[in-house]
Amino acid sequence: MIPREPSDNSLAFLREGYTFVSSRCDRLGTDLFETRIMMTPVVCMRGAGAAEVFYGGDRFTRTGALPKSVLHLLQDEGSVQALDGTAHHHRKRLFLDLLTPDAIGRMVLIFGQLWQEALPRWQARRRIVLHEELLPLLTRTAAIWAGAPLNDHELALRSRELGAMVEHAGSLGPRNWWARMLRNRCERWAQDAIGRMRTDGIRPDVPAAQALAAHTESDGQPLPLSLAAIERLNLLRPIVAIGRFIVFAALALYRYPHWRAALAFGDGDLEPFVQEVRRTSPFFPVVGGRTREAFEWQGEQFAESRWVLLDLYGTNHDARHWHEPAAFRPERFRDWPGDPYTFVPQGGGPYETGHRCPGERTTIEIVKEAVRRLVRTMTYRVPAQDLTVSLSRMPTLPRSGFVMTDIRPS
Ligand code: HEM
């Protein structure tokens with residue numbers, strides 16, 4: 001019998017946030033326990049073994065596994081994440097085929113160029129809040145890359161909408177409703193754009209736009225416009241969300257200046273640095289699934305349709321795999337052989353057949369480019385500000401959004 005906390009823990013989850021699952025696992029001396037969230041029984045689990053059970057087979061569906069408040073702002077109904085089996089593999093291919101090394105390279109170039117163009121504007125201002133600047137910068141990057149260039153007015157609308165979808169995914173009530181309203185507007189824009197592309201002819205020079213507009217389901221039917229729009233947002237929104245990791249990377253450069261010095265002259269430790277930023281930064285606290293069929297793990301019978309939350313943050317901070325997990329040590333990734341279950345900031349397991357994030361390499365490369373820019377192309381000051389990172393806010397950020405002053409190109 002796994003430990004059970006019979007009372008409803010919804011409020012505790014919202015209050016404790018990222019540490020909710022792991023603090024209970026530590027206290028109960030277990031990797032899984034059952035409780036209730038939103039009055040519904042749920043098994044919470046953490047660690048590499050749990051991640052392997054969650055991602056290793058085809059045991060879990062995402063259908064019915066996320067509250068509507070989260071689902072409608074992030075992946076949405078009918079999206080790749082909501083699919084299972086063959087339909088999922090077919091739709092997932094679309095994302096994997098779009099995010100090739102060449103395509104990622106193109107995105108990094110666009111991003112680097114837009115950052116370079118932003119520098120004189122940042123220099124002219126007394127101070128900038130990095131997170132606020134990254135929203136339009138990454139929105140424009142994503143739009144150009146995906147073949148949907150935006151004028152300044154559209155850019156302001158889209159970056160606000162895409163930013164709000166992530167910012168308010170974890171909130172309830174008016175903020176969440178407001179973000180959903182913005183999302184509806186963004187979906188209408190995406191539908192119009194894809195509809196126009198389908199009638200005016202596909203642009204062969206823009207692979208992402210072309211692939212999305214021309215994509216057919218596994219039965220050969222064109223992807224309905226509403227779903228094509230949802231998937232378009234599933235490309236654009238997470239690219240904009242990479243800004244959050246960039247803010248944490250800037251915070252790490254500030255807190256550990258020896259890493260700034262080490263990264264100034266070469267790319268040798270750049271990837272380990274970015275991986276450690278992804279391991280230590282709180283982003284998605286947990287991911288939810290429902291069992292597709294009954295199975296047994298650690299003596300516990302998982303009946304069909306049982307709700308499970310896998311603790312991503314806790315798994316990335318599991319002391320059994322990460323020595324002194326709270327310490328920021330990029331060195332641990334220098335000779336890291338790679339492991340799909342101990343390091344799961346963007347999910348785990350195989351990319352093709354499971355629900356692991358297809359944008360993981362894109363994320364790493366964009367954050368690497370941002371670190372290059374922060375370290376090698378500009379100087380700036382980090383004035384006194386509130387850099388606390390609240391672990392009960394999901395998703396979280398340094399409270400100030402990371403203020404920078406006296407920016408100069410170097
Ligand atoms: C900002 C950094 C990112 C984070 C923290 C993140 C996180 C995640 C996580 C945790 C999942 C797994 C969900 C699950 O197991 O059900 C996921 C799936 C997904 N991500 Fe990301 N992601 C990021 C960036 C990206 C990027 C850049 C893209 C595309 C350009 C992307 C597209 C997707 C898609 C389409 C899925 C659904 C995959 C499926 O269900 O098979 N993500 N992401």
# chains A, B, ... in the order shown; residues from 1 in each chain; ligands from 1
call {"tool": "residues_around", "arguments": {"residues": "Ile246 of chain A", "least_positions_apart": "3", "cutoff": "6 Å", "atoms": "only C-alpha atoms", "output": "PDB file with C-alpha atoms, in the first residue's frame"}}
result
ATOM      1  CA  GLY A 243      12.567  33.661 -22.567  1.00  0.00           C
ATOM      2  CA  ALA A 249      20.470  32.025 -17.434  1.00  0.00           C
ATOM      3  CA  VAL A 367      19.368  29.816 -24.653  1.00  0.00           C
TER       4      VAL A 367
END
call {"tool": "residues_around", "arguments": {"residues": "segment 209-219 of chain A", "least_positions_apart": "6", "cutoff": "12 Å", "atoms": "only C-alpha atoms", "output": "JSON, numbers by chain"}}
result
{"A": [78, 79, 80, 83, 85, 86, 87, 88, 89, 90, 91, 92, 93, 94, 95, 96, 97, 98, 99, 142, 143, 144, 145, 146, 147, 148, 149, 190, 191, 192, 193, 194, 195, 196, 197, 198, 199, 200, 201, 202, 203, 225, 226, 227, 228, 229, 230, 231, 232, 233, 234, 235, 236]}
call {"tool": "residues_near_ligand", "arguments": {"ligand": "ligand 1", "cutoff": "7 Å", "atoms": "only C-alpha atoms and all ligand atoms", "output": "PyMOL selection string"}}
result
chain A and resi 62+80-82+88+92+95+234-236+238-239+241-242+244-245+283-284+287-288+345-347+354-360+362-363
call {"tool": "atom_distance", "arguments": {"atom1": "atom CA of Phe328 of chain A", "atom2": "atom CA of Gln275 of chain A"}}
result
10.5 Å
call {"tool": "select_by_dssp", "arguments": {"residues": "segment 83-251 of chain A", "states": "alpha helix (DSSP H)", "output": "PyMOL selection string"}}
result
chain A and resi 85-98+101-124+130-146+152-167+174-200+207-214+225-251
call {"tool": "atom_distance", "arguments": {"atom1": "atom CA of Pro67 of chain A", "atom2": "atom CA of Arg160 of chain A"}}
result
22.8 Å
call {"tool": "residues_around", "arguments": {"residues": "Pro41 of chain A", "least_positions_apart": "5", "cutoff": "9 Å", "atoms": "only C-alpha atoms", "output": "list in words"}}
result
Pro6, Asp8, Glu34, Thr35, Arg36, Arg306, Trp307 and Val308 of chain A
call {"tool": "write_last_selection", "arguments": {"atoms": "N, CA, C and O atoms", "output": "mmCIF file, in the first residue's frame"}}
result
data_model
loop_
_atom_site.group_PDB
_atom_site.id
_atom_site.type_symbol
_atom_site.label_atom_id
_atom_site.label_comp_id
_atom_site.auth_asym_id
_atom_site.auth_seq_id
_atom_site.Cartn_x
_atom_site.Cartn_y
_atom_site.Cartn_z
ATOM 1 N N PRO A 6 -5.389 11.511 2.766
ATOM 2 C CA PRO A 6 -6.772 11.460 2.304
ATOM 3 C C PRO A 6 -7.436 12.829 2.096
ATOM 4 O O PRO A 6 -8.344 12.944 1.293
ATOM 5 N N ASP A 8 -8.131 16.762 0.856
ATOM 6 C CA ASP A 8 -7.882 17.425 -0.425
ATOM 7 C C ASP A 8 -6.684 18.375 -0.282
ATOM 8 O O ASP A 8 -6.647 19.197 0.621
ATOM 9 N N GLU A 34 -0.573 8.796 -2.612
ATOM 10 C CA GLU A 34 -1.861 9.189 -3.182
ATOM 11 C C GLU A 34 -2.481 10.292 -2.339
ATOM 12 O O GLU A 34 -2.354 10.298 -1.112
ATOM 13 N N THR A 35 -3.108 11.232 -3.022
ATOM 14 C CA THR A 35 -3.841 12.282 -2.309
ATOM 15 C C THR A 35 -5.030 12.690 -3.170
ATOM 16 O O THR A 35 -5.381 11.975 -4.117
ATOM 17 N N ARG A 36 -5.646 13.824 -2.817
ATOM 18 C CA ARG A 36 -6.721 14.361 -3.656
ATOM 19 C C ARG A 36 -6.355 15.779 -4.067
ATOM 20 O O ARG A 36 -5.891 16.557 -3.237
ATOM 21 N N ARG A 306 -6.418 5.939 -14.058
ATOM 22 C CA ARG A 306 -6.013 6.552 -12.788
ATOM 23 C C ARG A 306 -5.196 7.814 -13.083
ATOM 24 O O ARG A 306 -4.343 7.828 -13.976
ATOM 25 N N TRP A 307 -5.449 8.853 -12.309
ATOM 26 C CA TRP A 307 -4.772 10.140 -12.527
ATOM 27 C C TRP A 307 -3.429 10.147 -11.813
ATOM 28 O O TRP A 307 -3.353 9.789 -10.622
ATOM 29 N N VAL A 308 -2.377 10.559 -12.526
ATOM 30 C CA VAL A 308 -1.018 10.551 -11.983
ATOM 31 C C VAL A 308 -0.331 11.875 -12.291
ATOM 32 O O VAL A 308 -0.489 12.423 -13.387
#
call {"tool": "closest_residue", "arguments": {"among": "A:Ala370, A:Leu66, A:Asp58, A:Thr19", "to": "Leu134 of chain A", "atoms": "only C-alpha atoms"}}
result
A:Ala370
call {"tool": "decode", "arguments": {"residues": "segment 299-323 of chain A", "atoms": "N, CA, C and O atoms", "output": "PDB file, in the first residue's frame"}}
result
ATOM      1  N   GLY A 299       4.540  -2.400  -6.217  1.00  0.00           N
ATOM      2  CA  GLY A 299       3.514  -3.058  -5.412  1.00  0.00           C
ATOM      3  C   GLY A 299       2.165  -2.373  -5.479  1.00  0.00           C
ATOM      4  O   GLY A 299       1.204  -2.826  -4.853  1.00  0.00           O
ATOM      5  N   GLU A 300       2.071  -1.278  -6.230  1.00  0.00           N
ATOM      6  CA  GLU A 300       0.792  -0.561  -6.301  1.00  0.00           C
ATOM      7  C   GLU A 300       0.077  -0.922  -7.617  1.00  0.00           C
ATOM      8  O   GLU A 300       0.688  -0.902  -8.690  1.00  0.00           O
ATOM      9  N   GLN A 301      -1.190  -1.259  -7.505  1.00  0.00           N
ATOM     10  CA  GLN A 301      -1.989  -1.550  -8.701  1.00  0.00           C
ATOM     11  C   GLN A 301      -2.496  -0.231  -9.273  1.00  0.00           C
ATOM     12  O   GLN A 301      -3.156   0.526  -8.574  1.00  0.00           O
ATOM     13  N   PHE A 302      -2.147   0.030 -10.514  1.00  0.00           N
ATOM     14  CA  PHE A 302      -2.671   1.223 -11.191  1.00  0.00           C
ATOM     15  C   PHE A 302      -3.816   0.764 -12.079  1.00  0.00           C
ATOM     16  O   PHE A 302      -3.583   0.116 -13.099  1.00  0.00           O
ATOM     17  N   ALA A 303      -5.046   1.069 -11.674  1.00  0.00           N
ATOM     18  CA  ALA A 303      -6.193   0.687 -12.505  1.00  0.00           C
ATOM     19  C   ALA A 303      -6.245   1.608 -13.717  1.00  0.00           C
ATOM     20  O   ALA A 303      -5.616   2.673 -13.726  1.00  0.00           O
ATOM     21  N   GLU A 304      -7.011   1.206 -14.745  1.00  0.00           N
ATOM     22  CA  GLU A 304      -7.153   2.042 -15.939  1.00  0.00           C
ATOM     23  C   GLU A 304      -7.760   3.391 -15.554  1.00  0.00           C
ATOM     24  O   GLU A 304      -8.605   3.465 -14.654  1.00  0.00           O
ATOM     25  N   SER A 305      -7.303   4.445 -16.211  1.00  0.00           N
ATOM     26  CA  SER A 305      -7.819   5.809 -16.037  1.00  0.00           C
ATOM     27  C   SER A 305      -7.482   6.441 -14.696  1.00  0.00           C
ATOM     28  O   SER A 305      -8.127   7.377 -14.245  1.00  0.00           O
ATOM     29  N   ARG A 306      -6.418   5.939 -14.058  1.00  0.00           N
ATOM     30  CA  ARG A 306      -6.013   6.552 -12.788  1.00  0.00           C
ATOM     31  C   ARG A 306      -5.196   7.814 -13.083  1.00  0.00           C
ATOM     32  O   ARG A 306      -4.343   7.828 -13.976  1.00  0.00           O
ATOM     33  N   TRP A 307      -5.449   8.853 -12.309  1.00  0.00           N
ATOM     34  CA  TRP A 307      -4.772  10.140 -12.527  1.00  0.00           C
ATOM     35  C   TRP A 307      -3.429  10.147 -11.813  1.00  0.00           C
ATOM     36  O   TRP A 307      -3.353   9.789 -10.622  1.00  0.00           O
ATOM     37  N   VAL A 308      -2.377  10.559 -12.526  1.00  0.00           N
ATOM     38  CA  VAL A 308      -1.018  10.551 -11.983  1.00  0.00           C
ATOM     39  C   VAL A 308      -0.331  11.875 -12.291  1.00  0.00           C
ATOM     40  O   VAL A 308      -0.489  12.423 -13.387  1.00  0.00           O
ATOM     41  N   LEU A 309       0.413  12.394 -11.325  1.00  0.00           N
ATOM     42  CA  LEU A 309       1.249  13.578 -11.582  1.00  0.00           C
ATOM     43  C   LEU A 309       2.709  13.183 -11.408  1.00  0.00           C
ATOM     44  O   LEU A 309       3.086  12.658 -10.346  1.00  0.00           O
ATOM     45  N   LEU A 310       3.511  13.411 -12.434  1.00  0.00           N
ATOM     46  CA  LEU A 310       4.953  13.158 -12.330  1.00  0.00           C
ATOM     47  C   LEU A 310       5.637  14.478 -11.979  1.00  0.00           C
ATOM     48  O   LEU A 310       5.451  15.488 -12.666  1.00  0.00           O
ATOM     49  N   ASP A 311       6.458  14.426 -10.946  1.00  0.00           N
ATOM     50  CA  ASP A 311       7.138  15.624 -10.442  1.00  0.00           C
ATOM     51  C   ASP A 311       8.406  15.890 -11.276  1.00  0.00           C
ATOM     52  O   ASP A 311       9.424  15.215 -11.109  1.00  0.00           O
ATOM     53  N   LEU A 312       8.329  16.866 -12.179  1.00  0.00           N
ATOM     54  CA  LEU A 312       9.492  17.166 -13.035  1.00  0.00           C
ATOM     55  C   LEU A 312      10.568  17.900 -12.232  1.00  0.00           C
ATOM     56  O   LEU A 312      11.746  17.552 -12.276  1.00  0.00           O
ATOM     57  N   TYR A 313      10.143  18.899 -11.485  1.00  0.00           N
ATOM     58  CA  TYR A 313      11.099  19.711 -10.721  1.00  0.00           C
ATOM     59  C   TYR A 313      11.810  18.832  -9.680  1.00  0.00           C
ATOM     60  O   TYR A 313      13.033  18.890  -9.533  1.00  0.00           O
ATOM     61  N   GLY A 314      11.027  18.007  -8.983  1.00  0.00           N
ATOM     62  CA  GLY A 314      11.603  17.143  -7.944  1.00  0.00           C
ATOM     63  C   GLY A 314      12.552  16.106  -8.539  1.00  0.00           C
ATOM     64  O   GLY A 314      13.580  15.775  -7.936  1.00  0.00           O
ATOM     65  N   THR A 315      12.230  15.593  -9.732  1.00  0.00           N
ATOM     66  CA  THR A 315      13.108  14.604 -10.369  1.00  0.00           C
ATOM     67  C   THR A 315      14.433  15.258 -10.769  1.00  0.00           C
ATOM     68  O   THR A 315      15.498  14.672 -10.613  1.00  0.00           O
ATOM     69  N   ASN A 316      14.361  16.494 -11.247  1.00  0.00           N
ATOM     70  CA  ASN A 316      15.591  17.216 -11.610  1.00  0.00           C
ATOM     71  C   ASN A 316      16.430  17.588 -10.389  1.00  0.00           C
ATOM     72  O   ASN A 316      17.576  17.993 -10.530  1.00  0.00           O
ATOM     73  N   HIS A 317      15.813  17.507  -9.206  1.00  0.00           N
ATOM     74  CA  HIS A 317      16.524  17.853  -7.966  1.00  0.00           C
ATOM     75  C   HIS A 317      16.681  16.634  -7.058  1.00  0.00           C
ATOM     76  O   HIS A 317      16.838  16.772  -5.849  1.00  0.00           O
ATOM     77  N   ASP A 318      16.620  15.442  -7.650  1.00  0.00           N
ATOM     78  CA  ASP A 318      16.671  14.221  -6.847  1.00  0.00           C
ATOM     79  C   ASP A 318      18.129  13.936  -6.456  1.00  0.00           C
ATOM     80  O   ASP A 318      18.972  13.676  -7.328  1.00  0.00           O
ATOM     81  N   ALA A 319      18.404  13.956  -5.137  1.00  0.00           N
ATOM     82  CA  ALA A 319      19.788  13.810  -4.662  1.00  0.00           C
ATOM     83  C   ALA A 319      20.376  12.444  -4.991  1.00  0.00           C
ATOM     84  O   ALA A 319      21.594  12.268  -4.966  1.00  0.00           O
ATOM     85  N   ARG A 320      19.550  11.459  -5.340  1.00  0.00           N
ATOM     86  CA  ARG A 320      20.095  10.139  -5.697  1.00  0.00           C
ATOM     87  C   ARG A 320      20.813  10.189  -7.044  1.00  0.00           C
ATOM     88  O   ARG A 320      21.638   9.347  -7.356  1.00  0.00           O
ATOM     89  N   HIS A 321      20.456  11.181  -7.865  1.00  0.00           N
ATOM     90  CA  HIS A 321      21.086  11.282  -9.188  1.00  0.00           C
ATOM     91  C   HIS A 321      21.914  12.546  -9.354  1.00  0.00           C
ATOM     92  O   HIS A 321      22.792  12.604 -10.200  1.00  0.00           O
ATOM     93  N   TRP A 322      21.591  13.563  -8.576  1.00  0.00           N
ATOM     94  CA  TRP A 322      22.270  14.846  -8.716  1.00  0.00           C
ATOM     95  C   TRP A 322      22.893  15.192  -7.371  1.00  0.00           C
ATOM     96  O   TRP A 322      22.185  15.566  -6.444  1.00  0.00           O
ATOM     97  N   HIS A 323      24.241  15.043  -7.300  1.00  0.00           N
ATOM     98  CA  HIS A 323      24.935  15.321  -6.052  1.00  0.00           C
ATOM     99  C   HIS A 323      24.729  16.795  -5.679  1.00  0.00           C
ATOM    100  O   HIS A 323      24.920  17.675  -6.512  1.00  0.00           O
TER     101      HIS A 323
END
